file start_31.txt (compact mmCIF, C-alpha atoms)
# COMPACT_ATOMS: atom_id res chain seq x y z
CA MET A 6 -17.61 -9.25 19.78
CA ILE A 7 -16.60 -11.20 16.67
CA ALA A 8 -17.17 -8.21 14.37
CA GLU A 9 -14.74 -6.16 16.46
CA TYR A 10 -11.95 -8.67 15.89
CA PHE A 11 -12.69 -8.87 12.18
CA LEU A 12 -12.33 -5.08 12.04
CA LYS A 13 -9.07 -5.24 14.00
CA GLY A 14 -7.79 -7.91 11.63
CA LEU A 15 -8.80 -5.77 8.65
CA LEU A 16 -6.86 -2.83 10.04
CA ILE A 17 -3.82 -5.02 10.74
CA GLY A 18 -3.93 -6.30 7.17
CA LEU A 19 -4.17 -2.75 5.82
CA VAL A 20 -1.46 -1.29 8.07
CA PHE A 21 1.00 -4.17 8.33
CA GLY A 22 0.20 -5.72 4.95
CA VAL A 23 1.26 -2.69 2.93
CA PRO A 24 2.75 -4.12 -0.26
CA ALA A 25 6.42 -3.30 0.06
CA GLY A 26 9.73 -5.04 -0.38
CA ALA A 27 10.34 -7.93 -2.73
CA ILE A 28 6.73 -9.10 -3.15
CA GLY A 29 5.49 -5.57 -3.76
CA THR A 30 8.19 -5.11 -6.40
CA LEU A 31 7.32 -8.45 -7.99
CA THR A 32 3.62 -7.56 -8.06
CA ILE A 33 4.32 -4.23 -9.75
CA GLN A 34 6.54 -5.85 -12.38
CA ARG A 35 4.05 -8.62 -13.19
CA THR A 36 1.16 -6.17 -13.39
CA ILE A 37 3.11 -4.05 -15.86
CA GLU A 38 4.09 -7.13 -17.82
CA LYS A 39 0.78 -9.04 -17.90
CA GLY A 40 -1.95 -6.85 -16.42
CA PHE A 41 -4.22 -6.58 -13.39
CA PHE A 42 -4.95 -10.27 -12.75
CA ALA A 43 -1.27 -11.24 -12.90
CA GLY A 44 -0.50 -8.68 -10.21
CA LEU A 45 -3.53 -9.59 -8.11
CA VAL A 46 -2.69 -13.31 -8.19
CA THR A 47 0.90 -12.54 -7.21
CA GLY A 48 -0.34 -10.47 -4.26
CA ALA A 49 -2.80 -13.23 -3.35
CA GLY A 50 0.13 -15.63 -3.04
CA SER A 51 1.66 -13.31 -0.47
CA SER A 52 -1.72 -13.02 1.30
CA ALA A 53 -1.88 -16.80 1.55
CA ALA A 54 1.51 -16.81 3.28
CA ASP A 55 0.34 -13.99 5.55
CA LEU A 56 -2.73 -16.08 6.38
CA ILE A 57 -0.56 -18.95 7.56
CA TYR A 58 1.71 -16.71 9.61
CA SER A 59 -1.23 -14.84 11.12
CA CYS A 60 -2.64 -18.21 12.19
CA VAL A 61 0.66 -18.98 13.90
CA GLY A 62 0.51 -15.66 15.73
CA ALA A 63 -3.21 -15.71 16.55
CA LEU A 64 -3.42 -19.36 17.53
CA GLY A 65 -0.08 -19.40 19.34
CA ILE A 66 1.22 -22.48 17.51
CA ALA A 67 4.46 -22.89 19.45
CA VAL A 68 5.79 -25.79 17.35
CA ILE A 69 5.81 -23.75 14.15
CA SER A 70 7.04 -20.62 15.90
CA ASP A 71 9.91 -22.56 17.49
CA PHE A 72 10.79 -24.14 14.13
CA LEU A 73 10.91 -20.72 12.43
CA THR A 74 13.09 -19.37 15.22
CA ALA A 75 15.47 -22.32 15.11
CA TYR A 76 15.87 -22.40 11.32
CA GLN A 77 15.24 -18.78 10.36
CA ALA A 78 18.83 -18.35 9.11
CA ILE A 79 18.65 -21.12 6.49
CA ILE A 80 15.08 -20.10 5.59
CA ARG A 81 16.25 -16.54 4.97
CA ILE A 82 19.16 -17.69 2.82
CA ILE A 83 16.88 -19.86 0.66
CA GLY A 84 14.33 -17.07 0.38
CA GLY A 85 17.06 -14.58 -0.53
CA ILE A 86 18.36 -16.87 -3.30
CA LEU A 87 14.84 -17.24 -4.71
CA ILE A 88 14.28 -13.46 -4.73
CA LEU A 89 17.70 -12.96 -6.31
CA ILE A 90 16.71 -15.35 -9.11
CA PHE A 91 13.49 -13.38 -9.63
CA GLY A 92 15.55 -10.21 -9.94
CA VAL A 93 17.86 -11.71 -12.57
CA ALA A 94 14.84 -12.97 -14.55
CA ILE A 95 13.23 -9.51 -14.49
CA LEU A 96 16.43 -7.90 -15.81
CA GLN A 97 16.26 -10.15 -18.86
CA LYS A 98 12.75 -9.04 -19.89
CA LYS A 99 12.85 -6.59 -22.80
CA GLU A 100 9.44 -6.39 -24.48
CA LEU A 101 5.99 -5.78 -23.05
CA ALA A 102 3.76 -8.83 -23.43
CA SER A 103 0.07 -8.92 -24.30
CA VAL A 104 -2.36 -9.34 -21.42
CA ARG A 105 -4.14 -12.02 -23.44
CA GLN A 106 -1.07 -14.26 -23.21
CA ASP A 107 -1.94 -15.10 -19.61
CA THR A 108 -2.98 -18.72 -19.00
CA LYS A 109 -4.29 -20.51 -15.94
CA GLY A 110 -0.95 -22.27 -15.64
CA THR A 111 0.89 -18.95 -15.66
CA LEU A 112 -1.39 -17.49 -12.97
CA VAL A 113 -0.93 -20.58 -10.80
CA LEU A 114 2.84 -20.22 -11.20
CA TYR A 115 2.63 -16.55 -10.22
CA PHE A 116 0.63 -17.45 -7.12
CA LEU A 117 2.93 -20.27 -6.04
CA SER A 118 6.14 -18.34 -6.64
CA ALA A 119 4.91 -15.35 -4.62
CA PHE A 120 3.64 -17.65 -1.87
CA THR A 121 7.01 -19.43 -1.70
CA ALA A 122 8.96 -16.16 -1.56
CA ALA A 123 6.66 -14.78 1.16
CA ILE A 124 6.58 -17.93 3.28
CA LEU A 125 10.40 -18.01 3.26
CA ASN A 126 10.45 -14.82 5.33
CA PRO A 127 10.02 -15.91 8.97
CA ALA A 128 10.07 -12.28 10.11
CA THR A 129 6.46 -12.05 8.93
CA VAL A 130 5.15 -13.94 11.95
CA LEU A 131 7.05 -11.55 14.20
CA SER A 132 5.42 -8.57 12.51
CA PHE A 133 1.99 -10.04 13.23
CA ILE A 134 2.88 -10.59 16.87
CA VAL A 135 3.88 -6.92 17.06
CA ALA A 136 0.65 -5.97 15.31
CA PHE A 137 -1.44 -7.95 17.80
CA ALA A 138 0.30 -6.20 20.69
CA THR A 139 -0.24 -2.81 19.02
CA PHE A 140 -3.97 -3.43 18.71
CA GLY A 141 -4.23 -4.83 22.24
CA ILE A 142 -4.98 -8.39 21.17
CA SER A 143 -4.10 -10.89 23.88
CA GLY A 144 -4.00 -14.67 23.84
CA GLY A 145 -7.34 -15.12 25.59
CA LEU A 146 -9.52 -15.23 22.47
CA ASN A 147 -12.21 -17.77 21.73
CA ALA A 148 -12.37 -19.71 18.46
CA GLY A 149 -14.81 -17.30 16.80
CA GLN A 150 -12.69 -14.26 17.65
CA ARG A 151 -9.51 -15.91 16.37
CA ILE A 152 -11.16 -16.88 13.06
CA ALA A 153 -12.63 -13.39 12.64
CA LEU A 154 -9.22 -11.85 13.31
CA ILE A 155 -7.48 -14.10 10.76
CA LEU A 156 -10.15 -13.53 8.08
CA GLY A 157 -9.92 -9.79 8.69
CA ILE A 158 -6.15 -9.86 8.13
CA LEU A 159 -6.66 -11.82 4.89
CA ALA A 160 -9.26 -9.32 3.68
CA GLY A 161 -7.02 -6.38 4.56
CA THR A 162 -3.99 -7.69 2.68
CA LEU A 163 -6.11 -8.59 -0.37
CA CYS A 164 -7.50 -5.04 -0.39
CA TRP A 165 -3.95 -3.69 -0.57
CA TRP A 166 -2.90 -6.00 -3.38
CA SER A 167 -6.08 -5.23 -5.33
CA ALA A 168 -5.52 -1.49 -5.02
CA LEU A 169 -1.85 -1.73 -5.99
CA SER A 170 -2.56 -3.97 -9.00
CA TRP A 171 -5.38 -1.70 -10.18
CA MET A 172 -3.25 1.44 -9.98
CA VAL A 173 -0.30 -0.14 -11.79
CA ALA A 174 -2.58 -1.70 -14.43
CA HIS A 175 -4.01 1.77 -15.10
CA PHE A 176 -0.47 3.12 -15.52
CA ARG A 177 0.41 0.17 -17.79
CA LYS A 178 -1.50 1.71 -20.70
CA LYS A 179 1.17 4.41 -20.96
CA VAL A 180 4.15 2.03 -20.85
CA THR A 181 6.13 1.60 -24.07
CA ASN A 182 8.71 -1.13 -24.67
CA ASN A 183 11.50 1.36 -23.96
CA ILE A 184 9.94 2.42 -20.65
CA TYR A 185 9.23 -1.24 -19.84
CA GLU A 186 12.88 -2.16 -20.34
CA TRP A 187 14.05 0.65 -18.03
CA LEU A 188 11.44 -0.23 -15.40
CA ASN A 189 12.61 -3.83 -15.47
CA ARG A 190 16.18 -2.69 -14.89
CA ILE A 191 15.09 -0.71 -11.83
CA LEU A 192 12.72 -3.36 -10.46
CA GLY A 193 15.15 -6.19 -11.21
CA CYS A 194 17.95 -4.42 -9.35
CA LEU A 195 15.62 -3.78 -6.42
CA MET A 196 14.68 -7.46 -6.31
CA MET A 197 18.33 -8.48 -6.38
CA LEU A 198 19.07 -6.00 -3.59
CA PHE A 199 16.25 -7.40 -1.46
CA GLY A 200 17.53 -10.92 -2.08
CA ILE A 201 21.10 -10.04 -1.15
CA ILE A 202 19.98 -8.27 2.04
CA MET A 203 17.87 -11.27 3.00
CA MET A 204 20.79 -13.63 2.43
CA ILE A 205 23.09 -11.42 4.52
CA GLN A 206 20.51 -11.44 7.32
CA GLY A 207 20.58 -15.23 7.20
CA ILE A 208 24.36 -15.53 7.06
CA LEU A 209 24.98 -12.78 9.63
CA PRO A 210 21.94 -12.85 11.94
CA GLU A 211 23.47 -10.20 14.20
CA VAL A 212 23.11 -7.71 11.32
CA TYR A 213 19.41 -8.42 11.21
CA LEU A 214 19.00 -8.20 14.95
CA LYS A 215 20.48 -4.70 14.94
CA THR A 216 17.82 -3.58 12.47
CA VAL A 217 14.75 -4.74 14.41
call {"tool": "encode", "arguments": {"input": "start_31.txt", "output": "structure tokens"}}
result
Amino acid sequence: MIAEYFLKGLLIGLVFGVPAGAIGTLTIQRTIEKGFFAGLVTGAGSSAADLIYSCVGALGIAVISDFLTAYQAIIRIIGGILILIFGVAILQKKELASVRQDTKGTLVLYFLSAFTAAILNPATVLSFIVAFATFGISGGLNAGQRIALILGILAGTLCWWSALSWMVAHFRKKVTNNIYEWLNRILGCLMMLFGIIMMIQGILPEVYLKTV
């Protein structure tokens, strides 16, 4: 049944799409800085990347999968550099901005930057393959089931990002400029750490292989 695969996709998005790592950190920082919609749009950028990678896993697109496997080292290095730059930028932020300063251009930039950082992590497609195996999803699905599965994953990840952004936005009301500066130091350092680890995994792939 199509509804069954949508539900499975929803659960995969909720379980495997838990906002963690660099994008989760970036979403938290942007929500604190600019409010709910800034965080949600950042998370949506990651969901868009997850959508593409879930399509690769669900549809079994061998060409893309082979490309990611062949060039995952350089992709990881580029992604790590980008995340490292994000971390440095966060460290430089000192004062809490007004939510009303958000513009459509800023939100588009937030979406695209999060999408780029997420798509430059080829391990995502592997996590979806593991998720499909965990939920007993084989390759013999028809078109309707595949679409339902992919849409379910998208819905699940968006639910996570919405919940995270809402919770952080609620906390934002209590953040002073002093607290904001200290949070940026912590979040910026975390981002830089994630970027460095990702670069090391690209430069020394055997280190990564020992962790999976």
call {"tool": "residues_around", "arguments": {"input": "start_31.txt", "residues": "Phe199 (chain A)", "least_positions_apart": "5", "cutoff": "12 Å", "atoms": "only C-alpha atoms", "output": "JSON list (two decimals) with C-alpha atoms, in the frame of the given file"}}
result
[["chain", "number", "residue", "atom", "x", "y", "z"],
["A", 25, "ALA", "CA", 6.42, -3.30, 0.06],
["A", 26, "GLY", "CA", 9.73, -5.04, -0.38],
["A", 27, "ALA", "CA", 10.34, -7.93, -2.73],
["A", 28, "ILE", "CA", 6.73, -9.10, -3.15],
["A", 29, "GLY", "CA", 5.49, -5.57, -3.76],
["A", 30, "THR", "CA", 8.19, -5.11, -6.40],
["A", 31, "LEU", "CA", 7.32, -8.45, -7.99],
["A", 81, "ARG", "CA", 16.25, -16.54, 4.97],
["A", 82, "ILE", "CA", 19.16, -17.69, 2.82],
["A", 84, "GLY", "CA", 14.33, -17.07, 0.38],
["A", 85, "GLY", "CA", 17.06, -14.58, -0.53],
["A", 86, "ILE", "CA", 18.36, -16.87, -3.30],
["A", 87, "LEU", "CA", 14.84, -17.24, -4.71],
["A", 88, "ILE", "CA", 14.28, -13.46, -4.73],
["A", 89, "LEU", "CA", 17.70, -12.96, -6.31],
["A", 90, "ILE", "CA", 16.71, -15.35, -9.11],
["A", 91, "PHE", "CA", 13.49, -13.38, -9.63],
["A", 92, "GLY", "CA", 15.55, -10.21, -9.94],
["A", 122, "ALA", "CA", 8.96, -16.16, -1.56],
["A", 126, "ASN", "CA", 10.45, -14.82, 5.33],
["A", 192, "LEU", "CA", 12.72, -3.36, -10.46],
["A", 193, "GLY", "CA", 15.15, -6.19, -11.21],
["A", 194, "CYS", "CA", 17.95, -4.42, -9.35],
["A", 204, "MET", "CA", 20.79, -13.63, 2.43],
["A", 205, "ILE", "CA", 23.09, -11.42, 4.52],
["A", 206, "GLN", "CA", 20.51, -11.44, 7.32]]
call {"tool": "closest_residue", "arguments": {"input": "start_31.txt", "among": "A:Ile152, A:Ser170, A:Ser52, A:Tyr76", "to": "Gly18 (chain A)", "atoms": "all atoms listed in the file"}}
result
A:Ser52
call {"tool": "residues_around", "arguments": {"input": "start_31.txt", "residues": "Tyr115 (chain A)", "least_positions_apart": "5", "cutoff": "12 Å", "atoms": "only C-alpha atoms", "output": "list of chain:residue names"}}
result
A:Ile28, A:Leu31, A:Thr32, A:Gln34, A:Arg35, A:Thr36, A:Lys39, A:Phe42, A:Ala43, A:Gly44, A:Leu45, A:Val46, A:Thr47, A:Gly48, A:Ala49, A:Gly50, A:Ser51, A:Phe91, A:Asp107, A:Thr108, A:Lys109, A:Gly110, A:Phe120, A:Thr121, A:Ala122
call {"tool": "atom_distance", "arguments": {"input": "start_31.txt", "atom1": "CA of Ser167 (chain A)", "atom2": "CA of Tyr185 (chain A)"}}
result
21.5 Å
call {"tool": "atom_distance", "arguments": {"input": "start_31.txt", "atom1": "CA of Ile134 (chain A)", "atom2": "CA of Ser59 (chain A)"}}
result
8.2 Å
call {"tool": "atom_distance", "arguments": {"input": "start_31.txt", "atom1": "CA of Thr139 (chain A)", "atom2": "CA of Val20 (chain A)"}}
result
11.1 Å
call {"tool": "closest_residue", "arguments": {"input": "start_31.txt", "among": "A:Ile17, A:Ala53, A:Leu96, A:Leu159", "to": "Gly141 (chain A)", "atoms": "all atoms listed in the file"}}
result
A:Ile17
call {"tool": "residues_near_point", "arguments": {"input": "start_31.txt", "point": "(-11.6, -5.0, 9.5)", "cutoff": "10 Å", "atoms": "all atoms listed in the file", "output": "VMD selection string"}}
result
chain A and resid 8 to 19 153 to 154 156 to 161
call {"tool": "residues_around", "arguments": {"input": "start_31.txt", "residues": "Arg177 (chain A)", "least_positions_apart": "6", "cutoff": "9 Å", "atoms": "all atoms listed in the file", "output": "list in words"}}
result
Thr36, Ile37, Glu38 and Gly40 of chain A
call {"tool": "closest_residue", "arguments": {"input": "start_31.txt", "among": "A:Val61, A:Gln77, A:Leu169, A:Lys99", "to": "Thr181 (chain A)", "atoms": "all atoms listed in the file"}}
result
A:Lys99
call {"tool": "closest_residue", "arguments": {"input": "start_31.txt", "among": "A:Leu188, A:Leu198, A:Met203, A:Ala75", "to": "Ile33 (chain A)", "atoms": "only C-alpha atoms"}}
result
A:Leu188
call {"tool": "build_atoms", "arguments": {"input": "start_31.txt", "residues": "region 39-63 of chain A", "atoms": "N, CA and C atoms", "output": "short mmCIF file (atom, residue, chain, number, x, y, z; two decimals), keeping the file's coordinate frame"}}
result
data_model
loop_
_atom_site.label_atom_id
_atom_site.label_comp_id
_atom_site.auth_asym_id
_atom_site.auth_seq_id
_atom_site.Cartn_x
_atom_site.Cartn_y
_atom_site.Cartn_z
N LYS A 39 1.91 -8.22 -17.47
CA LYS A 39 0.78 -9.04 -17.90
C LYS A 39 -0.59 -8.47 -17.54
N GLY A 40 -0.66 -7.43 -16.72
CA GLY A 40 -1.95 -6.85 -16.42
C GLY A 40 -2.44 -7.09 -15.00
N PHE A 41 -3.66 -6.61 -14.74
CA PHE A 41 -4.22 -6.58 -13.39
C PHE A 41 -4.24 -7.95 -12.71
N PHE A 42 -4.76 -8.97 -13.40
CA PHE A 42 -4.95 -10.27 -12.75
C PHE A 42 -3.61 -10.92 -12.41
N ALA A 43 -2.59 -10.69 -13.22
CA ALA A 43 -1.27 -11.24 -12.90
C ALA A 43 -0.74 -10.64 -11.61
N GLY A 44 -0.93 -9.33 -11.44
CA GLY A 44 -0.50 -8.68 -10.21
C GLY A 44 -1.32 -9.12 -9.01
N LEU A 45 -2.64 -9.21 -9.21
CA LEU A 45 -3.53 -9.59 -8.11
C LEU A 45 -3.22 -11.01 -7.64
N VAL A 46 -3.00 -11.93 -8.56
CA VAL A 46 -2.69 -13.31 -8.19
C VAL A 46 -1.35 -13.39 -7.46
N THR A 47 -0.39 -12.58 -7.90
CA THR A 47 0.90 -12.54 -7.21
C THR A 47 0.71 -12.05 -5.78
N GLY A 48 -0.05 -10.98 -5.61
CA GLY A 48 -0.34 -10.47 -4.26
C GLY A 48 -1.11 -11.48 -3.43
N ALA A 49 -2.02 -12.22 -4.07
CA ALA A 49 -2.80 -13.23 -3.35
C ALA A 49 -1.90 -14.33 -2.81
N GLY A 50 -0.83 -14.64 -3.54
CA GLY A 50 0.13 -15.63 -3.04
C GLY A 50 0.77 -15.17 -1.75
N SER A 51 1.11 -13.88 -1.70
CA SER A 51 1.66 -13.31 -0.47
C SER A 51 0.62 -13.31 0.64
N SER A 52 -0.64 -13.01 0.30
CA SER A 52 -1.72 -13.02 1.30
C SER A 52 -1.91 -14.40 1.90
N ALA A 53 -1.74 -15.43 1.06
CA ALA A 53 -1.88 -16.80 1.55
C ALA A 53 -0.80 -17.11 2.58
N ALA A 54 0.43 -16.63 2.31
CA ALA A 54 1.51 -16.81 3.28
C ALA A 54 1.23 -16.02 4.56
N ASP A 55 0.71 -14.80 4.39
CA ASP A 55 0.34 -13.99 5.55
C ASP A 55 -0.73 -14.68 6.38
N LEU A 56 -1.66 -15.36 5.68
CA LEU A 56 -2.73 -16.08 6.38
C LEU A 56 -2.15 -17.16 7.28
N ILE A 57 -1.19 -17.89 6.77
CA ILE A 57 -0.56 -18.95 7.56
C ILE A 57 0.17 -18.37 8.76
N TYR A 58 0.95 -17.32 8.52
CA TYR A 58 1.71 -16.71 9.61
C TYR A 58 0.81 -16.02 10.62
N SER A 59 -0.30 -15.45 10.17
CA SER A 59 -1.23 -14.84 11.12
C SER A 59 -1.89 -15.91 11.97
N CYS A 60 -2.11 -17.09 11.40
CA CYS A 60 -2.64 -18.21 12.19
C CYS A 60 -1.65 -18.62 13.27
N VAL A 61 -0.37 -18.64 12.91
CA VAL A 61 0.66 -18.98 13.90
C VAL A 61 0.64 -17.98 15.05
N GLY A 62 0.53 -16.68 14.70
CA GLY A 62 0.51 -15.66 15.73
C GLY A 62 -0.77 -15.65 16.54
N ALA A 63 -1.92 -15.79 15.87
CA ALA A 63 -3.21 -15.71 16.55
C ALA A 63 -3.52 -16.96 17.37
#
